[in-house]
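Trainee: For reference, the structure I am asking about is given below.
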Amino acid sequence: MEKIKLSEIIAAVRGSYGYPADIEIADISTDTRTITKGSVFIALRGANFDGHEFAVKAMKQGAEAVVTERPVEGARCIIVDSTAQALLDVASYYRSRFRIPLVGVTGSVGMTTTKEMIACVTARKFSTLKTEANHNNEVGMPKTLLQLDSSHGAAVIEMGMNHKGEISRMSMCCKPTVCVITNIGVSHIENLGSQKGILQAKLEILDGAATDAPLIVCRDDRLLSKVELYGERKKICYSAAKTDCDVFATDIVTDKDKVRFKINFGGSSYDAVINCLGEHNVKNALAAFCVGTVLGISPEEIVAGLGDFRPEGMRQNLTEKDGVTYILDCYNAAPDSMKASLSILSLAKAEGRRWCVLGDMLELGKGSAKYHRTVGEYVSASKADRLLCFGENSVNYIAGAVDKGFDAENARHFDTREELAEYLRANIRKGDAVLFKGSRGMKLEQVYELVTGS
């Protein structure tokens with residue numbers, strides 16, 4: 001963060017402050033563990049904590065002032081109606097100081113991978129700030145914006161949500177100049193009621209965008225393909241199946257742990273390679289290609305940027321240990337992402353058996369059992385040889401798979417992660433491939449760690 005006046009912060013958050021404000025602030029923090037001299041502390045409140053209790057501690061550690069919703073004795077307080085909104089407001093003001101392209105990314109599945117691919121592309125031309133880890137909510141996103149400085153030529157910001165209105169507030173804060181929606185699935189349908197409700201929530205990304213900021217969408221998505229825009233805004237479409245789009249893929253070929261394909265744009269085609277498997281990742285790469293063209297990056301440089309991408313963490317991460325291929329994809333789960341991960345398992349190099357280790361998909365509401373059965377049908381249609389399940393709803397994976405012809409003898413349900421790991425350790429062998437996939441709350445990475453000793 002570059003230094004700004006305390007008076008600017010007070011004006012941005014519309015706060016009241018009874019002390020001299022003509023001083024420079026070097027940092028804005030929501031965590032007393034990161035307080036430095038000359039910073040401002042924002043006292044956020046959550047379900048299990050209240051930052052107001054740490055206001056005095058922040059002052060003792062060097063904060064010049066604290067943003068609070070009430071006076072706190074022993075602290076110089078900037079009083080606001082909502083500290084959560086104050087964080088968004090000050091980040092919005094700070095972002096406005098930088099006239100750079102900012103790409104906003106959202107979607108039900110694949111938005112983090114798409115964000116990473118876009119950042120690899122933009123880095124070919126600009127020093128790029130991007131959302132790190134899971135900082136895609138109303139706390140993490142503004143804190144990311146506050147990391148901007150004069151060295152940055154672009155930013156790629158991921159926006160997730162659980163409820164209506166969240167993406168709108170984040171969009172108003174970060175003011176995207178390019179908007180990307182990857183797809184519309186059923187994640188968080190429990191809170192939003194229907195896929196149409198999810199679509200409307202994702203379209204909130206346009207609320208803070210410039211009137212001429214293009215919207216980039218996947219033409220293969222049933223709902224996104226029907227979105228109509230008005231005024232100056234342009235819709236840019238990409239597809240891995242349809243050729244009547246701005247950007248489309250052809251000649252898709254899996255090559256070990258890579259996918260080779262042609263990207264067709266403007267009457268020309270370009271050979272591309274991505275270091276991950278699955279047609280869904282081809283679509284993510286096409287979204288990144290569209291962004292690159294909007295930002296004036298040459299197709300050749302875009303393709304080179306896509307080649308820089310490597311999966312990380314718990315998102316479709318392929319590793320090999322003791323001759324066994326492991327696919328760790330435990331960050332989130334919904335029917336579409338489950339299907340995508342199963343396709344990676346089917347494509348992965350395996351001389352032996354292919355194992356699905358699946359945990360529950362959470363936040364699917366009343367239709368949860370149906371969605372789990374549907375994923376079971378996907379398992380039956382895949383190249384999976386074994387199905388191991390953990391979680392209350394995961395029994396429906398087995399029901400759906402067996403109903404479509406999967407051998408019931410090769411499907412098992414486990415009550416604990418430890419029992420599941422013990423069974424895997426005793427039965428997997430060299431040449432096998434094992435997929436771990438489930439919602440973050442199921443913590444299937446713990447099973448992976450028990451099996452591999454990692």
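Identifiers in the structure tokens: chain A, B, ... in order shown; residue index from 1 per chain; ligand index from 1 in order shown.
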Residues of range 188-333 of chain A in helix (DSSP H, G or I) according to DSSP, as a PyMOL selection string?

Mentor: chain A and resi 189-192+195-206+224-226+279-294+299-307

Trainee: Excluding Leu277 in chain A and its own-chain neighbours fewer than 2 positions away, which residues fall within 7 Å of it when counting only C-alpha atoms? Please give them as a list in words.

Mentor: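 Using only C-alpha atoms, the neighbours found are Asp257, Lys258, Val259, Asn281 and Ile344 of chain A.
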
Trainee: Just C-alpha atoms for this one: save the residues we selected as a CSV table (one decimal), in the first residue's frame.

Mentor:
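The new file again-v3.csv reads:
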```csv
chain,number,residue,atom,x,y,z
A,257,ASP,CA,-0.7,-34.3,-18.1
A,258,LYS,CA,-1.3,-31.5,-20.7
A,259,VAL,CA,-4.0,-30.5,-23.2
A,281,ASN,CA,-9.8,-26.1,-18.3
A,344,ILE,CA,-9.5,-35.5,-15.2
```

Trainee: Nearest residue to Lys3 in chain A out of A:Leu148, A:Cys389, A:Ile78, A:Ala240, using only C-alpha atoms?

Mentor: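 Checking each of A:Leu148, A:Cys389, A:Ile78, A:Ala240 against Lys3 in chain A, counting only C-alpha atoms, the winner is A:Leu148.
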
Trainee: So which residues touch Ala84 in chain A within 9 Å, counting only C-alpha atoms, skipping near sequence neighbours fewer than 5 positions away, as a PyMOL selection string?

Mentor: chain A and resi 42-45+89+138-139

Trainee: Would you please work out which residue, of A:Trp355, A:Leu362, A:Ile9, A:Asp22, is nearest to Val66 in chain A when using only C-alpha atoms?

Mentor: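 Of A:Trp355, A:Leu362, A:Ile9, A:Asp22, the one nearest Val66 in chain A, counting only C-alpha atoms, is A:Ile9.
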
Trainee: Pick out the residues sitting within 10 Å of Ala12 in chain A, and hand them over as a list in words; count only C-alpha atoms, and ignore anything fewer than 3 positions along from it in its own chain.

Mentor: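 Contacts, in chain order: Leu6, Ser7, Glu8, Ile9, Gly15, Ala86, Leu87, Leu88, Asp89, Val90, Ala91, Ser92, Tyr93 and Tyr94 of chain A.
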
Trainee: Which residues in range 50-160 of chain A does DSSP call strand (DSSP E or B)? List them as an MDAnalysis selection string.

Mentor: chainID A and resid 50 65:68 77:79 102:106 128:130 154:158

Trainee: Restricting it to N, CA and C atoms, dump the selection as an mmCIF file, in the first residue's frame.

Mentor:
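Output file again-v6.cif follows:
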```cif
data_model
loop_
_atom_site.group_PDB
_atom_site.id
_atom_site.type_symbol
_atom_site.label_atom_id
_atom_site.label_comp_id
_atom_site.auth_asym_id
_atom_site.auth_seq_id
_atom_site.Cartn_x
_atom_site.Cartn_y
_atom_site.Cartn_z
ATOM 1 N N ASP A 50 -15.009 -9.925 17.921
ATOM 2 C CA ASP A 50 -15.332 -8.503 17.828
ATOM 3 C C ASP A 50 -14.039 -7.718 17.876
ATOM 4 N N ALA A 65 -4.856 5.327 14.474
ATOM 5 C CA ALA A 65 -6.284 5.434 14.771
ATOM 6 C C ALA A 65 -6.930 4.072 14.522
ATOM 7 N N VAL A 66 -8.148 3.931 15.057
ATOM 8 C CA VAL A 66 -8.907 2.706 14.808
ATOM 9 C C VAL A 66 -10.283 3.092 14.282
ATOM 10 N N VAL A 67 -10.800 2.302 13.341
ATOM 11 C CA VAL A 67 -12.138 2.522 12.801
ATOM 12 C C VAL A 67 -13.089 1.629 13.583
ATOM 13 N N THR A 68 -14.058 2.234 14.248
ATOM 14 C CA THR A 68 -14.961 1.488 15.116
ATOM 15 C C THR A 68 -16.400 1.943 14.904
ATOM 16 N N CYS A 77 -10.658 6.921 17.931
ATOM 17 C CA CYS A 77 -11.621 6.204 17.100
ATOM 18 C C CYS A 77 -12.183 7.050 15.962
ATOM 19 N N ILE A 78 -12.212 6.473 14.782
ATOM 20 C CA ILE A 78 -12.978 7.017 13.667
ATOM 21 C C ILE A 78 -14.312 6.272 13.701
ATOM 22 N N ILE A 79 -15.370 6.952 14.072
ATOM 23 C CA ILE A 79 -16.655 6.288 14.294
ATOM 24 C C ILE A 79 -17.436 6.216 12.975
ATOM 25 N N LEU A 102 -8.716 -3.532 -14.547
ATOM 26 C CA LEU A 102 -8.988 -4.463 -13.457
ATOM 27 C C LEU A 102 -9.997 -5.489 -13.951
ATOM 28 N N VAL A 103 -9.609 -6.743 -13.946
ATOM 29 C CA VAL A 103 -10.448 -7.838 -14.426
ATOM 30 C C VAL A 103 -11.170 -8.464 -13.232
ATOM 31 N N GLY A 104 -12.494 -8.418 -13.250
ATOM 32 C CA GLY A 104 -13.290 -9.064 -12.217
ATOM 33 C C GLY A 104 -13.729 -10.431 -12.700
ATOM 34 N N VAL A 105 -13.569 -11.458 -11.853
ATOM 35 C CA VAL A 105 -13.877 -12.839 -12.242
ATOM 36 C C VAL A 105 -14.816 -13.463 -11.222
ATOM 37 N N THR A 106 -15.910 -14.065 -11.715
ATOM 38 C CA THR A 106 -16.781 -14.828 -10.836
ATOM 39 C C THR A 106 -17.343 -16.016 -11.618
ATOM 40 N N THR A 128 1.168 -7.520 -12.438
ATOM 41 C CA THR A 128 -0.230 -7.815 -12.116
ATOM 42 C C THR A 128 -0.425 -8.163 -10.647
ATOM 43 N N LEU A 129 -1.377 -7.494 -10.025
ATOM 44 C CA LEU A 129 -1.852 -7.869 -8.687
ATOM 45 C C LEU A 129 -3.016 -8.827 -8.869
ATOM 46 N N LYS A 130 -3.033 -9.915 -8.109
ATOM 47 C CA LYS A 130 -4.139 -10.867 -8.218
ATOM 48 C C LYS A 130 -4.609 -11.305 -6.846
ATOM 49 N N ALA A 154 -1.938 -3.789 -13.846
ATOM 50 C CA ALA A 154 -3.236 -4.450 -13.981
ATOM 51 C C ALA A 154 -3.534 -5.213 -12.699
ATOM 52 N N ALA A 155 -4.801 -5.575 -12.531
ATOM 53 C CA ALA A 155 -5.213 -6.382 -11.382
ATOM 54 C C ALA A 155 -6.247 -7.404 -11.852
ATOM 55 N N VAL A 156 -6.214 -8.582 -11.243
ATOM 56 C CA VAL A 156 -7.188 -9.635 -11.535
ATOM 57 C C VAL A 156 -7.818 -10.028 -10.196
ATOM 58 N N ILE A 157 -9.098 -9.744 -10.066
ATOM 59 C CA ILE A 157 -9.784 -9.870 -8.779
ATOM 60 C C ILE A 157 -10.903 -10.903 -8.869
ATOM 61 N N GLU A 158 -10.844 -11.881 -7.995
ATOM 62 C CA GLU A 158 -11.857 -12.934 -7.924
ATOM 63 C C GLU A 158 -12.945 -12.534 -6.929
#
```

Trainee: Rank nothing, just name the residue among A:Ser29, A:Gln200, A:Thr113, A:Asn393 nearest to Phe41 in chain A, using only C-alpha atoms.

Mentor: A:Ser29

Trainee: Just checking: using only C-alpha atoms, which residue out of A:Val40, A:Val294, A:Ala133, A:Val447 ends up closest to Ile28 in chain A?

Mentor: A:Val40

Trainee: Neighbouring residues of Leu450 in chain A were defined as those with any atom within 12 Å, considering only C-alpha atoms; residues of the same chain fewer than 2 positions away were excluded. Please report them as a list in words.

Mentor: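 Residues meeting the cut-off are Arg417, Glu418, Glu419, Leu420, Ala421, Glu422, Tyr423, Leu424, Arg425, Lys443, Leu444, Glu445, Gln446, Val447, Tyr448, Thr452, Gly453 and Ser454 of chain A.
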
Trainee: Find the residues around Met338 in chain A up to 9 Å (only C-alpha atoms counted), leave out those fewer than 3 positions away in its own chain, and share them as a PyMOL selection string.

Mentor: chain A and resi 333-335+341-343+358+375+378+437-438

Trainee: Could you take the residues named above and write them with C-alpha atoms, as a PDB file, in the first residue's frame?

Mentor:
```pdb
ATOM      1  CA  ALA A 333     -17.606 -29.167  -4.800  1.00  0.00           C
ATOM      2  CA  ALA A 334     -20.778 -28.953  -6.878  1.00  0.00           C
ATOM      3  CA  PRO A 335     -22.159 -31.266  -9.588  1.00  0.00           C
ATOM      4  CA  SER A 341     -12.793 -33.728 -11.759  1.00  0.00           C
ATOM      5  CA  LEU A 342     -14.088 -37.113 -12.881  1.00  0.00           C
ATOM      6  CA  SER A 343     -13.057 -36.218 -16.424  1.00  0.00           C
ATOM      7  CA  LEU A 358     -15.765 -38.402  -2.831  1.00  0.00           C
ATOM      8  CA  VAL A 375     -22.870 -37.200  -9.480  1.00  0.00           C
ATOM      9  CA  TYR A 378     -21.378 -39.321 -13.586  1.00  0.00           C
ATOM     10  CA  LYS A 437     -12.980 -34.505  -4.329  1.00  0.00           C
ATOM     11  CA  GLY A 438     -15.482 -32.905  -1.947  1.00  0.00           C
TER      12      GLY A 438
END
```
